[in-house]
$ cat model.cif   # mmCIF, C-alpha atoms and all ligand atoms
data_data
#
loop_
_atom_site.label_atom_id
_atom_site.label_comp_id
_atom_site.auth_asym_id
_atom_site.auth_seq_id
_atom_site.Cartn_x
_atom_site.Cartn_y
_atom_site.Cartn_z
CA MET A 4 -23.55 28.74 -0.49
CA ILE A 5 -20.23 30.23 0.43
CA ASP A 6 -20.72 32.08 3.69
CA PHE A 7 -17.36 31.69 5.39
CA VAL A 8 -13.92 32.45 3.95
CA LYS A 9 -10.43 33.14 5.20
CA ILE A 10 -8.37 35.62 3.22
CA TYR A 11 -5.09 37.49 3.55
CA VAL A 12 -5.00 41.26 3.29
CA GLU A 13 -1.96 43.50 3.23
CA GLY A 14 -1.55 47.23 2.87
CA GLY A 15 1.11 48.55 0.51
CA ARG A 16 4.54 49.48 1.76
CA GLY A 17 5.31 53.17 2.03
CA GLY A 18 7.80 54.57 -0.47
CA ASN A 19 11.32 55.44 0.71
CA GLY A 20 12.31 59.00 1.41
CA ALA A 21 14.97 60.42 -0.91
CA ILE A 22 18.40 61.83 -0.19
CA SER A 23 19.05 64.69 -2.53
CA PHE A 24 20.57 68.18 -2.55
CA ARG A 25 19.57 71.20 -4.52
CA LYS A 26 21.73 71.85 -7.55
CA GLU A 27 22.17 75.56 -8.00
CA LYS A 28 24.46 77.50 -10.25
CA TYR A 29 27.74 78.42 -8.60
CA VAL A 30 26.70 76.69 -5.39
CA PRO A 31 28.60 73.44 -4.95
CA ARG A 32 25.97 71.93 -2.73
CA GLY A 33 22.53 73.41 -2.01
CA GLY A 34 20.19 72.49 0.82
CA PRO A 35 18.61 69.06 1.15
CA ASP A 36 15.60 68.55 -1.11
CA GLY A 37 14.92 64.83 -0.86
CA GLY A 38 11.15 64.27 -1.01
CA ASP A 39 9.09 61.90 1.12
CA GLY A 40 7.94 58.51 -0.06
CA GLY A 41 4.27 58.02 -0.92
CA LYS A 42 1.90 56.21 1.42
CA GLY A 43 1.14 52.55 0.72
CA GLY A 44 -2.40 51.80 -0.43
CA ASP A 45 -5.02 50.49 2.02
CA VAL A 46 -7.12 47.38 1.66
CA ILE A 47 -10.73 48.49 2.05
CA LEU A 48 -13.89 46.42 2.33
CA VAL A 49 -17.01 47.98 0.80
CA VAL A 50 -20.58 46.71 1.02
CA ASP A 51 -22.08 45.99 -2.39
CA PRO A 52 -25.81 45.20 -2.18
CA SER A 53 -25.73 43.38 -5.51
CA LEU A 54 -23.75 40.58 -3.86
CA SER A 55 -25.36 37.91 -1.73
CA THR A 56 -22.59 35.39 -1.17
CA LEU A 57 -18.84 35.27 -0.58
CA LEU A 58 -18.40 33.06 -3.64
CA ASP A 59 -15.81 35.32 -5.30
CA PHE A 60 -13.37 34.58 -2.51
CA ARG A 61 -13.22 30.95 -3.40
CA TYR A 62 -10.87 31.83 -6.22
CA LYS A 63 -8.99 34.78 -4.82
CA ARG A 64 -7.60 34.74 -1.31
CA PHE A 65 -4.73 37.24 -1.32
CA PHE A 66 -5.24 40.95 -1.54
CA LYS A 67 -2.31 43.35 -1.45
CA ALA A 68 -2.54 47.05 -2.03
CA GLU A 69 0.02 48.92 -4.10
CA ASP A 70 3.25 50.20 -2.57
CA GLY A 71 3.89 53.92 -2.37
CA GLN A 72 6.50 55.28 -4.73
CA HIS A 73 9.86 56.56 -3.53
CA GLY A 74 10.44 60.25 -3.03
CA GLY A 75 12.67 62.13 -5.47
CA GLY A 76 14.91 65.18 -5.67
CA LYS A 77 13.51 68.72 -5.78
CA ASN A 78 11.22 67.77 -2.87
CA LYS A 79 9.25 65.49 -5.12
CA LYS A 80 6.91 63.35 -3.03
CA GLY A 81 6.39 59.77 -4.17
CA LYS A 82 2.96 58.89 -5.45
CA ASP A 83 0.68 57.12 -2.94
CA GLY A 84 -0.09 53.48 -3.67
CA GLU A 85 -3.55 52.59 -5.01
CA ASP A 86 -6.03 51.17 -2.51
CA VAL A 87 -7.51 47.74 -3.08
CA ILE A 88 -11.29 47.73 -2.82
CA ILE A 89 -12.88 44.42 -1.88
CA ARG A 90 -16.63 44.20 -2.43
CA VAL A 91 -18.61 42.21 0.13
CA PRO A 92 -22.34 41.46 0.52
CA PRO A 93 -24.42 43.23 3.19
CA GLY A 94 -24.17 41.36 6.46
CA THR A 95 -20.48 40.50 6.24
CA ILE A 96 -18.82 40.11 9.62
CA VAL A 97 -15.06 40.66 9.62
CA LYS A 98 -12.94 38.82 12.16
CA ASP A 99 -9.27 38.73 12.93
CA ALA A 100 -8.36 35.15 12.04
CA GLU A 101 -5.76 34.86 14.77
CA THR A 102 -7.91 35.93 17.71
CA GLY A 103 -11.40 35.44 16.31
CA LYS A 104 -12.30 38.95 17.48
CA VAL A 105 -14.90 40.89 15.51
CA MET A 106 -13.33 43.82 13.67
CA ALA A 107 -16.43 45.04 11.87
CA ASP A 108 -19.95 44.09 10.90
CA LEU A 109 -20.74 45.61 7.52
CA VAL A 110 -24.40 46.17 6.89
CA GLU A 111 -25.32 49.31 4.94
CA PRO A 112 -24.74 49.54 1.16
CA GLY A 113 -21.57 51.53 0.56
CA GLU A 114 -20.31 51.09 4.12
CA ARG A 115 -16.48 50.91 4.19
CA PHE A 116 -13.90 49.45 6.49
CA VAL A 117 -10.13 49.76 6.19
CA VAL A 118 -9.01 46.27 7.07
CA ALA A 119 -5.26 46.70 6.41
CA ARG A 120 -3.58 50.09 6.39
CA GLY A 121 -0.81 50.94 4.01
CA GLY A 122 2.54 51.97 5.51
CA ARG A 123 3.57 55.60 5.92
CA GLY A 124 6.01 56.94 3.37
CA GLY A 125 9.57 57.50 4.65
CA TYR A 126 10.77 61.06 5.23
CA GLY A 127 13.18 62.45 2.69
CA ASN A 128 16.34 64.19 3.87
CA ALA A 129 14.69 67.60 3.57
CA HIS A 130 12.97 66.67 6.85
CA PHE A 131 16.20 66.22 8.72
CA LYS A 132 17.68 69.63 8.16
CA SER A 133 18.49 71.32 11.44
CA PRO A 134 20.64 74.21 12.63
CA THR A 135 23.40 71.75 13.46
CA ASN A 136 22.98 69.64 10.35
CA GLN A 137 22.65 71.56 7.09
CA VAL A 138 23.56 68.59 4.90
CA PRO A 139 21.61 65.65 6.32
CA ARG A 140 22.49 62.46 4.54
CA ILE A 141 19.63 60.62 6.11
CA ALA A 142 16.23 59.50 4.96
CA GLU A 143 13.75 56.91 6.15
CA LYS A 144 12.56 53.82 4.40
CA GLY A 145 8.83 53.45 3.91
CA GLU A 146 6.89 51.66 6.63
CA LYS A 147 5.55 48.19 6.00
CA GLY A 148 1.80 47.91 5.42
CA GLU A 149 -0.38 46.06 7.92
CA GLY A 150 -0.88 42.44 6.98
CA ARG A 151 -3.27 39.93 8.51
CA TRP A 152 -5.43 36.90 7.89
CA ILE A 153 -9.08 37.70 8.30
CA ILE A 154 -12.28 35.73 8.30
CA LEU A 155 -15.31 36.97 6.43
CA GLU A 156 -18.55 35.50 7.62
CA LEU A 157 -21.86 36.24 6.03
CA LYS A 158 -24.99 36.56 8.09
CA ILE A 159 -27.69 37.57 5.68
CA ILE A 160 -29.63 40.72 6.38
CA ALA A 161 -33.31 40.29 5.55
CA ASP A 162 -36.54 41.62 7.00
CA VAL A 163 -38.42 38.35 7.09
CA GLY A 164 -36.99 34.87 7.56
CA ILE A 165 -39.18 31.99 6.36
CA VAL A 166 -38.75 28.96 8.58
CA GLY A 167 -40.49 25.63 8.79
CA MET A 168 -40.16 21.91 8.22
CA PRO A 169 -39.04 20.59 4.84
CA ASN A 170 -41.61 20.45 2.04
CA VAL A 171 -44.16 22.78 3.68
CA GLY A 172 -43.92 25.20 0.75
CA LYS A 173 -41.39 27.82 1.89
CA SER A 174 -39.84 28.17 -1.54
CA THR A 175 -43.24 28.22 -3.22
CA LEU A 176 -44.18 31.03 -0.87
CA ILE A 177 -41.09 33.16 -1.49
CA SER A 178 -41.62 32.83 -5.21
CA ALA A 179 -45.27 33.89 -4.78
CA LEU A 180 -44.28 36.92 -2.71
CA SER A 181 -41.13 38.11 -4.44
CA ASP A 182 -38.93 38.04 -7.49
CA ALA A 183 -37.03 34.97 -6.20
CA LYS A 184 -37.13 31.84 -8.38
CA PRO A 185 -35.93 29.02 -6.14
CA LYS A 186 -36.19 25.36 -6.98
CA ILE A 187 -39.49 23.85 -5.83
CA ALA A 188 -40.18 20.12 -5.66
CA ASP A 189 -42.26 17.59 -3.83
CA TYR A 190 -39.54 16.15 -1.62
CA PRO A 191 -37.78 17.37 1.51
CA PHE A 192 -34.53 19.34 1.30
CA THR A 193 -35.13 20.78 -2.12
CA THR A 194 -33.62 24.03 -0.94
CA LEU A 195 -29.96 23.53 -0.09
CA SER A 196 -28.92 27.07 0.71
CA PRO A 197 -30.63 30.34 1.60
CA VAL A 198 -32.45 32.28 -1.08
CA LEU A 199 -33.22 35.98 -0.90
CA GLY A 200 -36.23 37.62 -2.50
CA VAL A 201 -37.34 41.23 -2.75
CA MET A 202 -41.01 42.01 -2.24
CA GLU A 203 -42.48 45.36 -3.30
CA ALA A 204 -44.19 46.89 -0.30
CA GLY A 205 -45.74 49.98 -1.89
CA GLU A 206 -44.47 53.59 -2.02
CA GLY A 207 -41.11 52.36 -3.31
CA GLU A 208 -40.55 50.35 -0.15
CA ARG A 209 -39.22 46.85 -0.29
CA ILE A 210 -39.16 43.96 2.09
CA ILE A 211 -36.38 41.40 1.83
CA LEU A 212 -37.35 37.81 2.45
CA ALA A 213 -35.04 34.89 3.14
CA ASP A 214 -36.00 31.28 2.44
CA ILE A 215 -33.81 28.76 4.20
CA PRO A 216 -33.60 24.97 4.04
CA GLY A 217 -36.15 23.06 6.10
CA ILE A 218 -35.59 22.30 9.78
CA ILE A 219 -36.17 18.84 11.24
CA GLU A 220 -36.02 17.33 14.70
CA GLY A 221 -32.41 17.03 15.81
CA ALA A 222 -31.31 19.86 13.51
CA HIS A 223 -29.39 21.54 16.34
CA LYS A 224 -27.38 18.31 16.65
CA GLY A 225 -26.55 18.43 12.95
CA LYS A 226 -29.47 16.51 11.48
CA GLY A 227 -30.65 17.62 8.07
CA LEU A 228 -29.42 20.93 6.71
CA GLY A 229 -31.32 23.50 8.70
CA ILE A 230 -29.15 24.37 11.61
CA LYS A 231 -26.15 25.80 9.86
CA PHE A 232 -28.46 28.11 8.01
CA LEU A 233 -30.36 29.29 11.05
CA LYS A 234 -27.71 31.96 11.59
CA HIS A 235 -29.03 33.53 8.41
CA VAL A 236 -32.40 34.25 9.96
CA GLU A 237 -30.88 35.33 13.26
CA ARG A 238 -30.94 38.95 12.29
CA THR A 239 -34.15 39.18 10.39
CA LYS A 240 -36.79 41.36 12.02
CA LEU A 241 -39.61 38.88 11.74
CA LEU A 242 -39.91 35.12 11.42
CA LEU A 243 -42.58 33.71 9.17
CA HIS A 244 -43.20 30.23 10.49
CA LEU A 245 -44.82 28.18 7.75
CA VAL A 246 -46.81 25.00 8.54
CA ASP A 247 -48.36 22.46 6.20
CA MET A 248 -52.10 22.30 6.94
CA SER A 249 -52.67 19.07 5.00
CA TYR A 250 -51.71 17.17 8.16
CA SER A 251 -53.98 16.60 11.15
CA PHE A 252 -54.35 19.33 13.75
CA ASP A 253 -52.19 17.44 16.25
CA LYS A 254 -49.46 16.75 13.69
CA ILE A 255 -49.40 20.42 12.63
CA VAL A 256 -48.96 21.55 16.22
CA GLN A 257 -46.33 18.90 16.82
CA ASN A 258 -44.35 19.99 13.74
CA PHE A 259 -44.64 23.60 14.79
CA ASN A 260 -43.20 22.75 18.20
CA VAL A 261 -40.32 20.78 16.71
CA VAL A 262 -39.21 23.78 14.67
CA LEU A 263 -39.64 26.09 17.68
CA GLU A 264 -37.55 23.77 19.87
CA GLU A 265 -34.81 23.48 17.29
CA MET A 266 -34.63 27.25 17.01
CA ARG A 267 -34.51 27.53 20.79
CA SER A 268 -31.62 25.07 20.94
CA PHE A 269 -29.80 27.14 18.35
CA SER A 270 -30.21 30.49 20.06
CA ALA A 271 -32.44 32.18 22.56
CA ARG A 272 -32.20 35.35 20.53
CA LEU A 273 -33.67 33.62 17.50
CA VAL A 274 -36.67 32.11 19.22
CA SER A 275 -37.54 35.37 20.96
CA LYS A 276 -37.98 37.16 17.65
CA PRO A 277 -41.42 38.34 16.61
CA GLN A 278 -43.05 35.49 14.75
CA ILE A 279 -46.18 35.00 12.68
CA VAL A 280 -47.62 31.61 11.75
CA VAL A 281 -48.81 30.92 8.24
CA GLY A 282 -50.78 27.80 7.42
CA ASN A 283 -50.09 26.64 3.85
CA LYS A 284 -51.78 24.28 1.40
CA LEU A 285 -55.23 25.62 2.18
CA ASP A 286 -56.44 24.01 -1.05
CA LEU A 287 -55.84 20.59 0.47
CA VAL A 288 -57.94 21.26 3.58
CA GLN A 289 -61.52 20.07 3.42
CA ASP A 290 -62.37 20.56 7.04
CA SER A 291 -62.87 24.27 7.74
CA ASP A 292 -63.11 23.58 11.49
CA LYS A 293 -59.45 22.63 11.49
CA ILE A 294 -58.54 26.09 10.23
CA LYS A 295 -60.62 27.75 12.94
CA LYS A 296 -59.02 25.55 15.55
CA LEU A 297 -55.53 26.36 14.27
CA LYS A 298 -56.25 30.08 14.22
CA GLY A 299 -57.51 29.89 17.81
CA PHE A 300 -54.54 27.83 18.93
CA PHE A 301 -51.89 30.15 17.51
CA GLU A 302 -53.62 33.41 18.40
CA GLU A 303 -54.01 32.24 21.98
CA ARG A 304 -50.23 31.94 22.05
CA GLY A 305 -49.77 35.45 20.74
CA TYR A 306 -49.06 34.73 17.08
CA ASP A 307 -50.88 36.26 14.14
CA PHE A 308 -52.21 33.48 11.93
CA VAL A 309 -53.12 33.45 8.23
CA ALA A 310 -54.22 30.46 6.15
CA ILE A 311 -53.07 30.54 2.52
CA SER A 312 -52.28 28.50 -0.50
CA ALA A 313 -48.89 29.54 -1.82
CA LEU A 314 -49.34 27.39 -4.90
CA HIS A 315 -52.70 28.86 -5.87
CA LYS A 316 -51.96 32.29 -4.44
CA LYS A 317 -54.99 32.12 -2.21
CA ASN A 318 -55.08 34.75 0.59
CA VAL A 319 -51.55 35.75 -0.35
CA GLY A 320 -52.74 39.37 -0.51
CA ASP A 321 -53.79 39.19 3.17
CA LEU A 322 -50.40 37.82 4.06
CA ILE A 323 -48.65 40.62 2.18
CA ASP A 324 -50.69 43.21 4.09
CA LEU A 325 -49.83 41.57 7.39
CA LEU A 326 -46.12 41.39 6.52
CA ILE A 327 -46.03 45.06 5.58
CA LYS A 328 -47.83 46.07 8.78
CA LYS A 329 -45.56 43.92 10.95
CA VAL A 330 -42.27 44.86 9.35
CA LYS A 331 -43.11 48.56 9.47
CA SER A 332 -43.86 48.32 13.18
CA LEU A 333 -40.45 46.79 13.93
CA PRO A 334 -37.22 48.71 14.50
CA VAL A 335 -35.27 49.69 11.38
CA GLU A 336 -31.88 49.03 12.89
CA VAL A 337 -30.21 45.74 12.10
CA GLU A 338 -28.75 44.02 15.14
CA ARG A 339 -25.04 44.28 14.58
CA GLU A 340 -22.42 41.99 15.94
CA LYS A 341 -20.48 43.57 18.78
CA VAL A 342 -17.06 44.77 17.67
CA ASP A 343 -14.55 43.54 20.22
CA TYR A 344 -11.29 43.88 18.34
CA VAL A 345 -8.95 46.50 19.70
CA PRO A 346 -5.79 47.06 17.74
CA GLN A 347 -3.03 46.39 20.21
CA SER A 348 0.52 47.53 19.87
CA ARG A 349 2.95 45.00 21.22
CA PRO A 350 4.79 46.58 24.13
CA LEU A 351 8.54 46.73 24.43
CA ARG A 352 10.06 43.51 25.75
CA ILE A 353 13.73 42.74 26.17
CA TYR A 354 15.05 39.34 27.13
CA LYS A 355 17.88 36.92 26.61
CA SER A 356 17.35 33.80 24.54
CA GLY A 357 20.46 31.62 24.63
CA ASN A 358 23.28 33.95 23.74
CA ILE A 359 21.04 36.32 21.86
CA PHE A 360 19.52 39.48 23.28
CA VAL A 361 16.02 39.86 21.86
CA VAL A 362 14.23 43.18 21.64
CA GLU A 363 10.54 43.06 20.71
CA GLY A 364 7.76 45.61 20.37
CA ASP A 365 5.90 47.45 17.65
CA GLU A 366 7.58 50.81 18.15
CA ILE A 367 11.14 49.51 18.03
CA GLU A 368 10.45 47.11 15.19
CA ARG A 369 8.91 49.91 13.19
CA LEU A 370 12.00 52.00 13.80
CA VAL A 371 14.20 49.18 12.53
CA SER A 372 12.05 48.77 9.43
CA ILE A 373 12.37 52.42 8.39
CA THR A 374 16.06 52.89 9.20
CA VAL A 375 18.64 52.81 6.42
CA PHE A 376 21.50 51.17 8.28
CA GLU A 377 24.04 51.82 5.55
CA SER A 378 23.89 55.49 6.44
CA GLU A 379 26.14 56.63 9.27
CA GLU A 380 23.74 59.43 10.17
CA ALA A 381 20.76 57.13 10.28
CA LEU A 382 22.72 54.85 12.54
CA VAL A 383 23.46 57.70 14.94
CA ARG A 384 19.76 58.59 15.01
CA PHE A 385 18.87 54.95 15.58
CA HIS A 386 21.22 54.68 18.58
CA LYS A 387 19.80 57.86 20.02
CA GLU A 388 16.32 56.34 19.85
CA LEU A 389 17.55 53.13 21.49
CA ARG A 390 18.87 55.15 24.37
CA LYS A 391 15.70 57.21 24.59
CA LEU A 392 13.53 54.08 24.80
CA GLY A 393 15.76 52.77 27.60
CA ILE A 394 16.84 49.79 25.53
CA GLU A 395 20.55 50.41 25.97
CA ASP A 396 20.21 50.47 29.79
CA LYS A 397 18.09 47.36 29.85
CA LEU A 398 20.56 45.46 27.67
CA LYS A 399 23.39 46.45 30.02
CA GLU A 400 21.31 45.26 32.96
CA LEU A 401 21.01 41.90 31.25
CA GLY A 402 24.81 41.83 31.01
CA ILE A 403 25.40 42.58 27.36
CA LYS A 404 29.05 42.77 26.24
CA GLU A 405 30.85 44.10 23.19
CA GLY A 406 30.33 41.74 20.25
CA ASP A 407 27.14 40.10 21.54
CA THR A 408 24.20 39.66 19.17
CA VAL A 409 21.04 41.75 19.50
CA LYS A 410 17.96 40.75 17.53
CA ILE A 411 15.28 43.32 16.78
CA GLY A 412 12.39 42.24 14.55
CA ASP A 413 14.08 40.21 11.86
CA MET A 414 17.39 42.10 11.98
CA GLU A 415 20.46 41.04 13.91
CA PHE A 416 23.07 43.47 15.14
CA GLU A 417 26.43 43.17 16.75
CA TYR A 418 26.52 45.15 19.96
CA ARG A 419 29.06 47.92 20.15
CA GLU A 420 29.72 50.03 23.23
CA GLY A 421 28.52 53.50 22.16
N1 LIG B 1 -51.34 21.66 -2.87
C1 LIG B 1 -50.40 22.54 -2.55
N2 LIG B 1 -49.12 22.23 -2.70
C2 LIG B 1 -48.19 23.16 -2.40
C3 LIG B 1 -48.54 24.42 -1.90
N3 LIG B 1 -47.39 25.11 -1.68
C4 LIG B 1 -46.38 24.30 -2.02
N4 LIG B 1 -46.85 23.11 -2.45
C5 LIG B 1 -46.08 21.96 -2.91
O1 LIG B 1 -45.31 21.44 -1.85
C6 LIG B 1 -44.09 20.88 -2.35
C7 LIG B 1 -42.91 21.47 -1.61
O2 LIG B 1 -42.82 22.84 -1.92
P1 LIG B 1 -41.47 23.68 -1.67
O3 LIG B 1 -41.83 25.11 -1.90
O4 LIG B 1 -40.36 23.10 -2.45
O5 LIG B 1 -41.28 23.38 -0.13
P2 LIG B 1 -40.08 23.85 0.84
O6 LIG B 1 -40.68 24.12 2.16
O7 LIG B 1 -39.31 24.95 0.21
O8 LIG B 1 -39.23 22.51 0.91
P3 LIG B 1 -37.65 22.35 1.31
O9 LIG B 1 -36.89 23.32 0.52
O10 LIG B 1 -37.36 20.97 0.93
O11 LIG B 1 -37.60 22.58 2.77
C8 LIG B 1 -44.10 21.18 -3.84
O12 LIG B 1 -44.52 20.06 -4.55
C9 LIG B 1 -45.06 22.33 -3.98
O13 LIG B 1 -45.68 22.38 -5.25
C10 LIG B 1 -49.93 24.74 -1.77
O14 LIG B 1 -50.34 25.82 -1.36
N5 LIG B 1 -50.80 23.74 -2.10
MG MG B 2 -37.41 25.06 -0.30
#
$ encode --input "model.cif" --output "structure tokens" --more "lines below"
Ligand SMILES: Nc1nc2c(ncn2[C@@H]2O[C@H](COP(=O)(O)OP(=O)(O)OP(=O)(O)O)[C@@H](O)[C@H]2O)c(=O)[nH]1
Ligand SMILES: [Mg+2]
Amino acid sequence: MIDFVKIYVEGGRGGNGAISFRKEKYVPRGGPDGGDGGKGGDVILVVDPSLSTLLDFRYKRFFKAEDGQHGGGKNKKGKDGEDVIIRVPPGTIVKDAETGKVMADLVEPGERFVVARGGRGGYGNAHFKSPTNQVPRIAEKGEKGEGRWIILELKIIADVGIVGMPNVGKSTLISALSDAKPKIADYPFTTLSPVLGVMEAGEGERIILADIPGIIEGAHKGKGLGIKFLKHVERTKLLLHLVDMSYSFDKIVQNFNVVLEEMRSFSARLVSKPQIVVGNKLDLVQDSDKIKKLKGFFEERGYDFVAISALHKKNVGDLIDLLIKKVKSLPVEVEREKVDYVPQSRPLRIYKSGNIFVVEGDEIERLVSITVFESEEALVRFHKELRKLGIEDKLKELGIKEGDTVKIGDMEFEYREG
């Protein structure tokens, strides 16, 4: 099962603004009418409930939205770039790959999250008309789209998580209760990855069940398969702990405790979930006292207990009733991962590195990226901004001289006394 992928997402670049002047009869040069560039497309994640793994991302790792088109004359705005829609299964947690911070936890079908914004379109020269400048020969370039590596991590959303030792009949049970058709066999570790099943719960309601690989002693230290799948039952509402009743009473209790301990070692949150105990393989039990004893034992500890045979569908109806009653009594809300990602703009920083004066910061780098340096007017505007941001003063403080190199973003400039 693919439940962890790293992908690259990038919004489209904004289109450039146009420099253009109205052509009118008998007027040599009309007013500026250069249109703005279109906005770059966004990369958007959308929850698609028909998906249950991140398998698709094994083959496609780069997602870039379309660039905006350039503006044109006659105030023609460039067309916005198309968004890229990425479909993800419910329960997909989105993290910034660099910091590991959670950007979003996508749960509800149709829920959307813009994971990389497209750049703003550049202003055309019509924007720069002012009382002192009737013929602005200046336009902006489109802004770059956001680009980042992200991690998608799937934590299945189900109502009931079926846990237990290998070979106790978890997969047999999910196939008896739902539409799921997992592999069933008489050896441990038949199930290698989680399986989801939908159970009809009357009045159009449905309960989603998750069957995960068996858990053995030492699972939290990496033994067997169980532990890495435990995260998939971490946000179910109810745990259905299945035990194999063909063993002796003591062995059944011992096995039960092993699974409980392994879950506790994995997470306190998991083990504190509401839990019911289901004894399976009733058909193999001759001694009806054992069942009474088991029922007493588990109920004393606060668990509901049902004895069934998943294979022969014995008492499965009772179990269904109990599941419906339990799930309905539990909160509807899925526990979401806490979002702790705050988009941070890099502040302005000016320093000397060797002979080079380096200027860093989102605002100034953005300004560089949208400025058309070939245009004298744009250059004047750029210098004005530098002064306004206090960059000029700071560079002088650091002892900059005519002819020195200033690096801003990935552009290098020769410093001229303005
Ligand atoms: N006699 C009897 N056998 C059962 C019952 N339920 C399951 N089995 C058998 O137990 C064996 C294991 O069943 P699975 O459903 O594959 O068990 P599991 O818990 O999913 O096993 P893993 O995926 O390996 O953890 C199979 O041979 C099933 O036919 C039952 O109620 N009675
Ligand atoms: Mg199984």
$ residues_around --input "model.cif" --residues "Leu333 in chain A" --least-positions-apart "2" --cutoff "12 Å" --atoms "all atoms listed in the file" --output "count of residues only"
18
$ residues_near_ligand --input "model.cif" --ligand "ligand MG 2 (chain B)" --cutoff "10 Å" --atoms "all atoms listed in the file" --output "ChimeraX atom specification"
/A:165-177,185-198,214-217
$ closest_residue --input "model.cif" --among "A:Tyr29, A:Phe60, A:Trp152, A:Tyr250" --to "ligand LIG 1 (chain B)" --atoms "only C-alpha atoms and all ligand atoms"
A:Tyr250
$ atom_distance --input "model.cif" --atom1 "CA of Ile153 in chain A" --atom2 "CA of Glu111 in chain A"
20.2 Å
$ closest_residue --input "model.cif" --among "A:Ala119, A:Ile255, A:Met248, A:Ile210" --to "ligand LIG 1 (chain B)" --atoms "only C-alpha atoms and all ligand atoms"
A:Met248
$ closest_residue --input "model.cif" --among "A:Val50, A:Val97, A:Leu199, A:Ile219" --to "Leu263 in chain A" --atoms "all atoms listed in the file"
A:Ile219
$ closest_residue --input "model.cif" --among "A:Gly94, A:Gly125, A:Gly20, A:Gly320" --to "Phe7 in chain A" --atoms "only C-alpha atoms"
A:Gly94
$ closest_residue --input "model.cif" --among "A:Val49, A:Leu370, A:Leu297, A:Leu285" --to "Val117 in chain A" --atoms "only C-alpha atoms"
A:Val49
$ closest_residue --input "model.cif" --among "A:Glu237, A:Asp286, A:Glu265, A:Glu69" --to "ligand LIG 1 (chain B)" --atoms "all atoms listed in the file"
A:Asp286
$ atom_distance --input "model.cif" --atom1 "CA of Ala204 in chain A" --atom2 "CA of Leu54 in chain A"
21.7 Å
